[in-house]
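upload-v6.txt follows; it contains compact mmCIF, C-alpha atoms.
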# COMPACT_ATOMS: atom_id res chain seq x y z
CA MET A 2 40.59 61.79 126.00
CA GLY A 3 42.24 58.42 126.30
CA LEU A 4 45.12 59.62 124.13
CA PHE A 5 45.59 62.72 126.28
CA SER A 6 45.63 60.65 129.48
CA PHE A 7 48.24 58.34 127.92
CA VAL A 8 50.43 61.32 127.03
CA ARG A 9 50.06 62.74 130.55
CA SER A 10 50.94 59.40 132.18
CA ARG A 11 53.96 58.99 129.91
CA SER A 12 55.15 62.51 130.68
CA ALA A 13 54.75 61.86 134.42
CA ALA A 14 56.77 58.64 134.10
CA GLN A 15 59.52 60.47 132.22
CA ASP A 16 59.60 63.21 134.86
CA ALA A 17 59.85 60.61 137.61
CA ALA A 18 62.71 58.86 135.81
CA GLN A 19 64.47 62.20 135.32
CA ASP A 20 64.10 63.04 139.01
CA ALA A 21 65.47 59.63 140.01
CA SER A 22 68.48 60.09 137.73
CA CYS A 23 69.17 63.57 139.10
CA ALA A 24 68.94 62.23 142.67
CA ALA A 25 71.59 59.60 141.86
CA LEU A 26 74.13 62.19 140.70
CA GLY A 27 77.24 62.13 142.83
CA ARG A 28 76.68 58.49 143.86
CA SER A 29 75.96 55.93 141.16
CA LEU A 30 75.72 58.47 138.31
CA VAL A 31 78.34 61.02 137.26
CA ALA A 32 76.34 62.84 134.60
CA VAL A 33 72.86 62.69 133.11
CA ARG A 34 71.14 64.35 130.18
CA LEU A 35 68.53 66.89 131.18
CA ARG A 36 65.19 66.95 129.40
CA GLY A 37 63.42 70.05 130.64
CA ALA A 38 64.64 69.69 134.22
CA GLN A 39 67.05 71.86 136.17
CA ALA A 40 70.42 70.75 137.48
CA PRO A 41 70.22 69.69 141.16
CA ALA A 42 72.01 71.60 143.89
CA GLY A 43 75.74 70.97 143.90
CA CYS A 44 75.76 69.95 140.24
CA VAL A 45 77.00 71.75 137.14
CA GLN A 46 74.92 72.23 134.01
CA VAL A 47 76.56 72.01 130.59
CA ILE A 48 74.65 73.18 127.52
CA PHE A 49 75.72 72.23 123.99
CA SER A 50 74.66 74.17 120.93
CA GLU A 51 73.81 72.59 117.59
CA SER A 52 77.39 73.18 116.42
CA GLY A 53 78.84 71.33 119.42
CA GLN A 54 80.02 74.37 121.36
CA SER A 55 79.50 74.11 125.11
CA ARG A 56 78.90 76.52 127.94
CA ARG A 57 78.49 75.94 131.64
CA ALA A 58 75.44 77.71 133.03
CA ALA A 59 74.45 77.90 136.69
CA ALA A 60 70.77 78.47 135.92
CA GLY A 61 68.42 78.35 132.97
CA GLY A 62 67.67 75.50 130.62
CA ALA A 63 68.61 74.69 127.06
CA ARG A 64 67.03 76.57 124.21
CA GLU A 65 65.51 74.95 121.14
CA GLY A 66 68.06 72.80 119.36
CA GLU A 67 70.41 72.64 122.34
CA VAL A 68 71.30 69.69 124.57
CA ALA A 69 71.87 69.99 128.32
CA TYR A 70 73.70 67.72 130.75
CA ALA A 71 74.17 67.89 134.50
CA PHE A 72 77.15 66.40 136.29
CA HIS A 73 78.34 66.20 139.85
CA PRO A 74 82.03 67.11 140.24
CA GLY A 75 82.68 64.37 142.77
CA PRO A 76 85.10 63.15 144.01
CA TYR A 77 84.54 59.53 143.01
CA SER A 78 86.45 56.46 144.15
CA VAL A 79 87.13 53.81 141.51
CA ASP A 80 89.23 50.64 141.68
CA VAL A 81 91.35 50.26 138.56
CA THR A 82 93.12 47.05 137.54
CA PRO A 83 96.23 48.14 135.62
CA TYR A 84 97.01 44.67 134.23
CA ALA A 85 94.29 42.36 132.96
CA ALA A 86 96.47 39.32 133.69
CA ALA A 87 96.73 40.28 137.37
CA PRO A 88 93.23 41.32 138.48
CA GLU A 89 94.12 41.03 142.15
CA ILE A 90 96.44 44.05 141.89
CA GLY A 91 94.51 47.31 141.84
CA LEU A 92 94.77 51.05 142.19
CA ARG A 93 92.21 52.79 144.38
CA THR A 94 91.87 56.11 142.61
CA ARG A 95 89.91 59.19 143.63
CA VAL A 96 89.00 61.37 140.67
CA LEU A 97 87.07 64.61 140.43
CA ILE A 98 85.97 67.07 137.77
CA ASP A 99 87.69 70.41 138.25
CA ALA A 100 86.20 73.83 137.66
CA ALA A 101 86.24 75.23 134.14
CA ASP A 102 89.65 76.22 132.79
CA PRO A 103 89.35 79.74 131.32
CA ARG A 104 92.32 79.16 129.00
CA VAL A 105 90.48 76.72 126.74
CA ALA A 106 87.41 77.20 124.57
CA GLN A 107 85.86 73.85 125.54
CA GLN A 108 86.54 71.73 128.60
CA ARG A 109 87.75 68.20 127.96
CA PHE A 110 85.09 66.63 130.17
CA ASP A 111 82.40 68.54 128.27
CA LEU A 112 83.72 67.12 125.00
CA TYR A 113 83.72 63.63 126.53
CA LEU A 114 80.06 64.02 127.53
CA PHE A 115 78.94 65.27 124.14
CA SER A 116 80.99 62.75 122.18
CA GLU A 117 80.60 59.49 124.11
CA VAL A 118 77.67 59.79 126.55
CA ALA A 119 74.17 59.46 125.14
CA GLU A 120 71.85 59.64 128.15
CA ALA A 121 73.74 59.02 131.40
CA LEU A 122 77.28 58.35 132.57
CA ALA A 123 77.24 55.75 135.33
CA LEU A 124 80.11 55.51 137.77
CA ALA A 125 80.61 51.88 136.74
CA ASP A 126 80.93 52.94 133.08
CA LEU A 127 83.48 55.61 134.00
CA GLN A 128 85.44 53.06 136.03
CA ALA A 129 85.46 50.65 133.07
CA ALA A 130 86.55 53.39 130.66
CA VAL A 131 89.35 54.54 132.97
CA GLU A 132 90.54 50.97 133.47
CA ALA A 133 90.56 50.31 129.72
CA ALA A 134 92.49 53.54 129.08
CA VAL A 135 95.10 52.71 131.73
CA GLN A 136 95.57 49.16 130.47
CA GLU A 137 95.88 50.35 126.87
CA ALA A 138 98.38 53.08 127.81
CA LEU A 139 100.51 50.61 129.76
CA SER A 140 100.49 48.10 126.90
CA GLN A 141 101.42 50.78 124.35
CA GLY A 142 104.18 52.29 126.51
CA MET A 143 102.36 55.59 126.96
CA LEU A 144 102.33 55.13 130.74
CA ASP A 145 105.06 53.75 132.99
CA LEU A 146 104.32 51.78 136.15
CA PRO A 147 107.75 50.98 137.65
CA PRO A 148 108.26 48.88 140.80
CA CYS A 149 107.94 52.16 142.73
CA THR A 150 110.63 51.34 145.28
CA SER A 151 111.10 55.07 145.82
CA LEU A 152 108.78 58.00 146.25
CA ASP A 153 110.07 59.63 143.06
CA GLU A 154 109.00 56.64 140.98
CA TRP A 155 105.52 56.72 142.48
CA ASN A 156 105.20 60.47 141.95
CA GLY A 157 106.25 59.99 138.33
CA PHE A 158 103.54 57.39 137.82
CA ARG A 159 101.01 59.63 139.54
CA ALA A 160 101.90 62.50 137.21
CA GLY A 161 101.54 60.29 134.14
CA LEU A 162 98.22 58.86 135.35
CA ASN A 163 96.82 62.30 136.09
CA GLN A 164 97.88 63.64 132.69
CA LEU A 165 96.40 60.60 130.92
CA LEU A 166 93.01 60.80 132.64
CA TYR A 167 92.76 64.57 132.27
CA THR A 168 93.68 64.45 128.58
CA ARG A 169 91.38 61.52 127.81
CA PHE A 170 88.37 62.19 130.06
CA GLY A 171 88.85 65.61 131.65
CA VAL A 172 89.03 64.26 135.21
CA THR A 173 91.76 64.98 137.75
CA VAL A 174 93.39 62.39 139.99
CA GLU A 175 93.05 63.51 143.60
CA ASP A 176 94.56 60.42 145.21
CA CYS A 177 95.84 57.03 144.09
CA LEU A 178 96.98 54.14 146.28
CA PRO A 179 97.79 50.50 145.54
CA VAL A 180 95.24 48.07 146.90
CA ASP A 181 94.84 44.30 147.06
CA LEU A 182 91.67 43.23 145.21
CA GLY A 183 92.15 39.53 145.87
CA GLU A 184 89.12 39.35 148.16
CA GLN A 185 86.92 41.02 145.54
CA THR A 186 88.24 39.24 142.46
CA ASP A 187 88.52 35.51 141.83
CA TYR A 188 90.77 35.17 138.79
CA ALA A 189 90.36 31.38 138.68
CA ALA A 190 86.59 31.77 138.51
CA GLN A 191 86.98 34.28 135.70
CA LEU A 192 89.15 31.87 133.71
CA ARG A 193 86.67 29.01 134.26
CA ALA A 194 83.79 31.22 133.12
CA ARG A 195 85.69 32.21 129.98
CA ALA A 196 86.46 28.59 129.19
CA GLN A 197 82.88 27.42 129.73
CA THR A 198 81.20 30.26 127.84
CA PRO A 199 83.23 31.70 124.97
CA PRO A 200 82.39 35.38 124.41
CA ALA A 201 81.50 34.92 120.76
CA ALA A 202 79.17 31.99 121.43
CA ALA A 203 77.52 33.81 124.32
CA ALA A 204 77.01 36.92 122.22
CA ALA A 205 75.57 34.88 119.35
CA ALA A 206 73.19 33.05 121.67
CA ALA A 207 72.03 36.31 123.23
CA LEU A 208 71.56 37.80 119.78
CA ASP A 209 69.51 34.83 118.58
CA ALA A 210 67.32 34.97 121.68
CA SER A 211 66.78 38.70 121.27
CA ALA A 212 66.00 38.30 117.59
CA ALA A 213 63.51 35.51 118.28
CA SER A 214 61.75 37.57 120.91
CA ASN A 215 61.63 40.55 118.54
CA ALA A 216 60.22 38.39 115.79
CA SER A 217 57.51 36.96 118.03
CA ALA A 218 56.73 40.41 119.40
CA SER A 219 56.33 41.83 115.91
CA MET A 220 53.54 39.25 115.22
CA PRO A 221 51.23 39.45 118.24
CA ASP A 222 48.48 37.44 116.60
CA ALA A 223 50.75 34.49 115.84
CA PRO A 224 51.25 31.64 118.32
CA ALA A 225 54.44 31.54 120.31
CA THR A 226 55.62 28.23 118.79
CA ALA A 227 54.91 26.29 115.66
CA GLU A 228 53.74 23.25 117.61
CA ILE A 229 50.58 25.09 118.72
CA LEU A 230 49.40 25.22 115.12
CA LEU A 231 49.97 21.52 114.58
CA ASP A 232 48.10 18.65 116.18
CA GLU A 233 49.12 15.05 116.46
CA ALA A 234 47.59 14.22 113.08
CA THR A 235 49.76 16.68 111.25
CA PRO A 236 52.41 14.98 109.12
CA ALA A 237 56.03 15.12 110.22
CA SER A 238 56.94 17.10 107.09
CA ALA A 239 54.61 19.86 108.20
CA HIS A 240 56.27 19.93 111.60
CA ALA A 241 59.66 20.19 109.93
CA GLY A 242 58.42 22.96 107.65
CA ALA A 243 57.02 24.94 110.57
CA GLY A 244 60.25 24.53 112.50
CA ALA A 245 62.23 25.69 109.49
CA ALA A 246 59.98 28.73 109.14
CA VAL A 247 60.46 29.68 112.77
CA ALA A 248 64.22 29.19 112.41
CA ALA A 249 64.22 31.35 109.29
CA ILE A 250 62.31 34.09 111.10
CA ALA A 251 64.74 33.95 114.01
CA ALA A 252 67.74 34.02 111.66
CA ALA A 253 66.31 37.00 109.79
CA GLY A 254 65.69 38.81 113.07
CA ALA A 255 69.24 38.08 114.22
CA THR A 256 70.63 39.37 110.93
CA ASN A 257 68.59 42.55 111.14
CA ALA A 258 69.64 43.12 114.76
CA ALA A 259 73.31 42.61 113.89
CA PHE A 260 72.97 44.89 110.89
CA ALA A 261 71.38 47.63 113.04
CA ALA A 262 74.20 47.27 115.57
CA THR A 263 76.75 47.62 112.76
CA ALA A 264 75.21 50.87 111.57
CA ARG A 265 74.94 52.18 115.14
CA ASP A 266 78.58 51.40 115.93
CA ASP A 267 79.72 53.01 112.71
CA ALA A 268 77.75 56.18 113.42
CA HIS A 269 79.10 56.35 116.99
CA ALA A 270 82.71 55.93 115.83
CA LEU A 271 82.38 58.57 113.11
CA ARG A 272 80.73 60.96 115.55
CA ARG A 273 83.66 60.57 117.93
CA LEU A 274 86.15 61.17 115.13
CA PHE A 275 84.23 64.20 113.87
CA LEU A 276 84.07 65.83 117.30
CA GLU A 277 87.41 64.84 118.79
CA LEU A 278 89.88 65.09 115.91
CA PRO A 279 89.84 68.93 115.86
CA ALA A 280 90.37 69.04 119.64
CA LEU A 281 93.16 66.47 119.36
CA SER A 282 94.83 68.45 116.59
CA SER A 283 94.59 71.60 118.70
CA GLY A 284 96.23 69.76 121.59
CA PHE A 285 99.13 68.67 119.39
CA ARG A 286 99.52 72.23 118.11
CA GLN A 287 99.80 73.63 121.63
CA VAL A 288 102.65 71.33 122.65
CA ALA A 289 105.74 73.52 123.12
CA LEU A 290 108.63 71.48 121.73
CA PRO A 291 112.28 72.47 122.28
CA PRO A 292 114.09 74.07 119.33
CA GLY A 293 115.41 71.69 116.70
CA GLN A 294 114.95 71.17 112.97
CA ALA A 295 114.07 67.48 113.18
CA LEU A 296 111.40 67.97 115.85
CA PHE A 297 110.00 70.98 114.01
CA LEU A 298 109.61 69.05 110.75
CA ALA A 299 108.03 66.07 112.52
CA HIS A 300 105.64 68.35 114.42
CA ARG A 301 104.62 70.19 111.25
CA SER A 302 104.02 66.92 109.39
CA LEU A 303 101.91 65.65 112.29
CA LEU A 304 99.72 68.77 112.29
CA GLN A 305 99.25 68.65 108.52
CA ARG A 306 98.24 65.00 108.52
CA ALA A 307 95.89 65.50 111.48
CA ALA A 308 94.15 68.32 109.58
CA LEU A 309 93.75 66.06 106.54
CA LEU A 310 92.30 63.32 108.73
CA ALA A 311 89.70 65.73 110.11
CA LEU A 312 88.80 66.75 106.55
CA ASP A 313 88.50 63.09 105.56
CA VAL A 314 86.04 62.43 108.40
CA ASN A 315 84.01 65.53 107.56
CA THR A 316 83.47 64.27 103.99
CA MET A 317 82.96 60.58 104.79
CA PRO A 318 80.30 58.92 102.58
CA ALA A 319 77.26 57.16 103.93
CA LEU A 320 77.63 53.58 105.09
CA ALA A 321 74.73 52.19 103.08
CA TRP A 322 75.85 53.44 99.66
CA SER A 323 78.81 52.57 97.45
CA ALA A 324 77.74 55.14 94.87
CA PRO A 325 74.74 57.49 94.50
CA ASP A 326 72.80 54.76 92.65
CA LEU A 327 74.49 51.66 94.06
CA PRO A 328 73.57 50.36 97.54
CA SER A 329 76.38 48.75 99.50
CA PRO A 330 75.91 45.06 100.40
CA ARG A 331 75.78 44.10 104.03
CA ALA A 332 79.19 42.41 103.94
CA GLN A 333 80.73 45.62 102.66
CA GLN A 334 78.94 47.68 105.30
CA GLU A 335 80.26 45.40 108.04
CA ARG A 336 83.78 45.75 106.63
CA ARG A 337 83.54 49.54 106.49
CA SER A 338 82.03 49.75 109.97
CA GLY A 339 84.88 47.62 111.32
CA HIS A 340 87.40 50.09 109.95
CA SER A 341 85.62 53.05 111.53
CA ILE A 342 85.65 51.26 114.90
CA GLN A 343 89.38 50.57 114.49
CA ALA A 344 89.90 54.26 113.71
CA ALA A 345 88.14 55.18 116.95
CA ARG A 346 90.49 52.85 118.85
CA GLU A 347 93.46 54.56 117.23
CA LEU A 348 91.93 57.84 118.40
CA ASP A 349 92.11 56.58 121.99
CA GLN A 350 95.80 55.81 121.49
CA ALA A 351 96.31 59.30 120.07
CA TRP A 352 94.86 60.86 123.24
CA ALA A 353 97.25 58.78 125.36
CA LEU A 354 100.12 59.86 123.14
CA LEU A 355 99.14 63.52 123.56
CA ALA A 356 99.24 63.11 127.34
CA ARG A 357 102.70 61.57 127.16
CA LEU A 358 103.88 64.28 124.76
CA GLN A 359 102.64 67.05 127.06
CA LEU A 360 104.56 65.55 129.96
CA ALA A 361 107.73 65.10 127.94
CA ALA A 362 107.58 68.69 126.65
CA ASN A 363 107.15 70.10 130.17
CA PRO A 364 110.60 70.64 131.68
CA LEU A 365 109.20 70.74 135.23
CA GLN A 366 107.61 67.27 135.00
CA PHE A 367 109.81 65.56 132.41
CA GLY A 368 112.40 64.02 134.75
CA ALA A 369 109.88 62.50 137.16
CA ALA A 370 107.37 61.31 134.56
CA CYS A 371 109.70 60.05 131.82
CA GLY A 372 112.69 58.90 133.85
CA ALA A 373 115.32 60.35 131.51
CA ALA A 374 117.73 63.26 131.57
CA ASP A 375 117.52 64.42 127.94
CA PRO A 376 114.08 65.06 126.45
CA GLU A 377 115.25 65.00 122.81
CA PRO A 378 115.34 61.17 122.33
CA VAL A 379 112.05 60.77 124.20
CA LEU A 380 110.32 63.40 122.06
CA ALA A 381 111.76 61.90 118.87
CA ALA A 382 110.42 58.46 119.84
CA LEU A 383 107.01 59.96 120.63
CA MET A 384 106.95 61.66 117.25
CA ASP A 385 107.66 58.32 115.58
CA GLU A 386 104.79 56.82 117.57
CA ALA A 387 102.58 59.68 116.45
CA GLU A 388 103.45 58.92 112.82
CA ARG A 389 102.43 55.30 113.35
CA ILE A 390 99.09 56.24 114.89
CA VAL A 391 98.35 58.80 112.18
CA ALA A 392 99.24 56.27 109.48
CA ASN A 393 96.86 53.73 111.02
CA LEU A 394 94.11 56.35 111.20
CA ASP A 395 94.72 57.25 107.56
CA HIS A 396 94.53 53.59 106.55
CA HIS A 397 91.30 52.84 108.42
CA LEU A 398 89.59 55.99 107.18
CA ALA A 399 90.62 55.19 103.60
CA GLN A 400 89.18 51.69 103.97
CA ARG A 401 86.00 53.15 105.49
CA ARG A 402 85.66 55.43 102.46
CA ALA A 403 86.41 52.69 99.92
CA ALA A 404 83.32 51.25 98.28
CA THR A 405 84.93 47.84 97.75
CA GLY A 406 87.43 45.92 99.80
CA GLU A 407 90.56 44.06 98.79
CA HIS A 408 88.78 40.69 98.78
CA ALA A 409 85.44 41.88 97.41
CA VAL A 410 86.40 43.30 94.02
CA GLU A 411 85.12 40.23 92.16
CA ALA A 412 81.63 40.71 93.64
CA TYR A 413 81.35 44.11 91.95
CA ALA A 414 82.98 43.24 88.64
CA GLY A 415 79.75 42.67 86.74
CA PRO A 416 79.29 43.91 83.17
CA GLU A 417 77.03 46.76 84.32
CA GLN A 418 79.69 48.05 86.73
CA ARG A 419 81.19 51.34 85.61
CA ARG A 420 84.99 51.28 85.52
CA GLU A 421 87.41 54.16 85.39
CA PRO A 422 90.09 54.05 82.66
CA SER A 423 93.51 52.96 83.88
CA LEU A 424 96.93 52.64 82.34
Target format structure tokens, applied to this file:
Amino acid sequence: MGLFSFVRSRSAAQDAAQDASCAALGRSLVAVRLRGAQAPAGCVQVIFSESGQSRRAAAGGAREGEVAYAFHPGPYSVDVTPYAAAPEIGLRTRVLIDAADPRVAQQRFDLYLFSEVAEALALADLQAAVEAAVQEALSQGMLDLPPCTSLDEWNGFRAGLNQLLYTRFGVTVEDCLPVDLGEQTDYAAQLRARAQTPPAAAAAAALDASAASNASASMPDAPATAEILLDEATPASAHAGAGAAVAAIAAAGATNAAFAATARDDAHALRRLFLELPALSSGFRQVALPPGQALFLAHRSLLQRAALLALDVNTMPALAWSAPDLPSPRAQQERRSGHSIQAARELDQAWALLARLQLAANPLQFGAACGAADPEPVLAALMDEAERIVANLDHHLAQRRAATGEHAVEAYAGPEQRREPSL
């Protein structure tokens, strides 16, 4: 009976948390995963099948094996800082999620939910993601922000921003105005905080504290510190040994926590690549380029290499194994996970490139968005950029697949290591 009451209380707590999340939709939350609940009024329900296909349903819940999300279409107001070196200059942007486009099999926002959102999409997280995408696009030349001394320049930037956010996140820009964020942001204080607390040291300290708390929590019968076990008559060597034991436990907990984070980041990056590469390849295929042999050959090569990249991700080996009977050391797993994360960052650049390519291939928006009269040189330069991104993706995926790295061959060159014949 006690077990049943515990299950009932836990279920009631989960239902209360679900209701609170649904009530926050449209304000502090953009989307939330539904677990047996119905989408609130004014929200849209998206149901994903086991194969990743999505459908938007007005009523009814998910069946067995399906995942359901609810999102509020907005609009939402977010302040975006286009340049990290000038945080006082901002763009007050109003974004919303449009109705479903019947011309596509899966909406871009639905893919973003299924690929990158685990439980809930907070408005602050969306603002941070949009800001990072805008800053990356500006640094890579995939988005132009001119001085905007004329209305045409501002409209061109607005068109590029709207295409970028719709291609990357599936949201539409309803309004965008420059705003002074100097009263909200103190850049000098940010620089002082960075100088006083380096990010790496802060992260390491937080990780050590978390690992120590996990280690102490995993041993509830043990005292909190080693000094409790030792009285004043205990020799100093015993004190030192106890301190070393506690430090070893904390170090082991930190290593395990870092190792779990490595595996989690690798799985998240590969999931994104698995889900988004086919949609990205489809987007590149649908770009209507002007006639020309050079552009045709570059476009065909891009589509072929994108298809091979998707196949490479679909057959990616497990992180923990170098061979069926050979576990991969932790250093090698960290190296391979780093390459998968870098591949996911290249994927973000590929989405920005697709947005720029769609604008350049559209004759109605080309002049305002790209600021040129002839689209041929612009498209040729974008194709060269696409080759660079695809080459980087190919490199990182090959390194993720490789069982040994360039600087770790000696560690696996033991006499029992099987070697393939070579010329």
Original post:
Between A:Glu154, A:Asp176, A:Glu386, A:Glu117, which one has atoms that come closest to Thr94 of chain A, using only C-alpha atoms?
Top reply: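 Checking each candidate against Thr94 of chain A, we get A:Asp176 as the closest.
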Subject >> Given all atoms listed in the file as the counted atoms, nearest of A:Gly43, A:Gly339, A:Leu144, A:Ser282 to Phe158 of chain A >> reply: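 Nearest to Phe158 of chain A: A:Leu144.
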Original post:
Which is closest to Gly53 of chain A among A:Gln108, A:Ser78, A:Gln343, A:Ser283, if we use only C-alpha atoms?
Top reply: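 Nearest candidate to Gly53 of chain A out of A:Gln108, A:Ser78, A:Gln343, A:Ser283: A:Gln108.
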Original post:
Suppose you want the space between atom CA of Tyr70 of chain A and atom CA of Leu30 of chain A; what is it in Å?
Top reply: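 About the pair atom CA of Tyr70 of chain A and atom CA of Leu30 of chain A: they are 12.1 Å apart.
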In the coordinates of the file, take the point (103.6, 50.7, 140.0) and a cut-off of 9 Å; then, counting all atoms listed in the file, name each qualifying protein, DNA or RNA residue as a PDB file with C-alpha atoms, in the coordinates of the input.
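Dumped to out_4.pdb:
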ATOM      1  CA  PRO A  83      96.230  48.140 135.620  1.00  0.00           C
ATOM      2  CA  ASP A 145     105.060  53.750 132.990  1.00  0.00           C
ATOM      3  CA  LEU A 146     104.320  51.780 136.150  1.00  0.00           C
ATOM      4  CA  PRO A 147     107.750  50.980 137.650  1.00  0.00           C
ATOM      5  CA  PRO A 148     108.260  48.880 140.800  1.00  0.00           C
ATOM      6  CA  CYS A 149     107.940  52.160 142.730  1.00  0.00           C
ATOM      7  CA  THR A 150     110.630  51.340 145.280  1.00  0.00           C
ATOM      8  CA  GLU A 154     109.000  56.640 140.980  1.00  0.00           C
ATOM      9  CA  TRP A 155     105.520  56.720 142.480  1.00  0.00           C
ATOM     10  CA  PHE A 158     103.540  57.390 137.820  1.00  0.00           C
ATOM     11  CA  PRO A 179      97.790  50.500 145.540  1.00  0.00           C
TER      12      PRO A 179
END
**OP:** Mind checking which residues fall within 9 Å of Ala324 of chain A, counting all atoms listed in the file, ignoring those fewer than 5 positions away in the same chain, and posting them as a list of chain:residue names?
**Re:** A:Pro318, A:Ser329, A:Ala404
**OP:** Find the residues with any atom within 12 Å of (73.4, 77.0, 131.3); use only C-alpha atoms and the coordinates as given in the file, and write the answer as a PyMOL selection string.
**Re:** chain A and resi 35+38-40+44-50+55-64+67-71
Subject >> Proximity to Leu139 of chain A - best of A:Leu162, A:Ala403, A:Leu112, A:Leu398, only C-alpha atoms >> reply: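 Closest candidate: A:Leu162.
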Because some atoms of segment 297-313 of chain A are absent here, can you restore N, CA and C atoms and send them as a CSV table (one decimal), keeping the file's coordinate frame?
chain,number,residue,atom,x,y,z
A,297,PHE,N,110.9,70.0,114.7
A,297,PHE,CA,110.0,71.0,114.0
A,297,PHE,C,109.3,70.3,112.8
A,298,LEU,N,110.2,69.7,112.0
A,298,LEU,CA,109.6,69.0,110.8
A,298,LEU,C,108.6,67.9,111.1
A,299,ALA,N,109.0,67.1,112.1
A,299,ALA,CA,108.0,66.1,112.5
A,299,ALA,C,106.7,66.6,113.1
A,300,HIS,N,106.8,67.7,113.9
A,300,HIS,CA,105.6,68.4,114.4
A,300,HIS,C,104.8,68.9,113.3
A,301,ARG,N,105.4,69.6,112.3
A,301,ARG,CA,104.6,70.2,111.2
A,301,ARG,C,103.9,69.1,110.4
A,302,SER,N,104.6,68.0,110.1
A,302,SER,CA,104.0,66.9,109.4
A,302,SER,C,102.8,66.3,110.2
A,303,LEU,N,103.0,66.2,111.5
A,303,LEU,CA,101.9,65.6,112.3
A,303,LEU,C,100.7,66.5,112.2
A,304,LEU,N,100.9,67.8,112.3
A,304,LEU,CA,99.7,68.8,112.3
A,304,LEU,C,99.0,68.8,110.9
A,305,GLN,N,99.8,68.7,109.9
A,305,GLN,CA,99.2,68.6,108.5
A,305,GLN,C,98.4,67.4,108.3
A,306,ARG,N,99.0,66.3,108.7
A,306,ARG,CA,98.2,65.0,108.5
A,306,ARG,C,97.0,64.9,109.4
A,307,ALA,N,97.1,65.5,110.6
A,307,ALA,CA,95.9,65.5,111.5
A,307,ALA,C,94.8,66.4,110.9
A,308,ALA,N,95.2,67.5,110.2
A,308,ALA,CA,94.2,68.3,109.6
A,308,ALA,C,93.5,67.6,108.4
A,309,LEU,N,94.3,66.8,107.7
A,309,LEU,CA,93.8,66.1,106.5
A,309,LEU,C,92.8,64.9,107.0
A,310,LEU,N,93.2,64.3,108.2
A,310,LEU,CA,92.3,63.3,108.7
A,310,LEU,C,90.9,63.9,109.1
A,311,ALA,N,91.0,65.1,109.7
A,311,ALA,CA,89.7,65.7,110.1
A,311,ALA,C,88.9,66.0,108.9
A,312,LEU,N,89.5,66.5,107.8
A,312,LEU,CA,88.8,66.8,106.6
A,312,LEU,C,88.2,65.5,106.0
A,313,ASP,N,89.0,64.4,106.1
A,313,ASP,CA,88.5,63.1,105.6
A,313,ASP,C,87.3,62.6,106.3
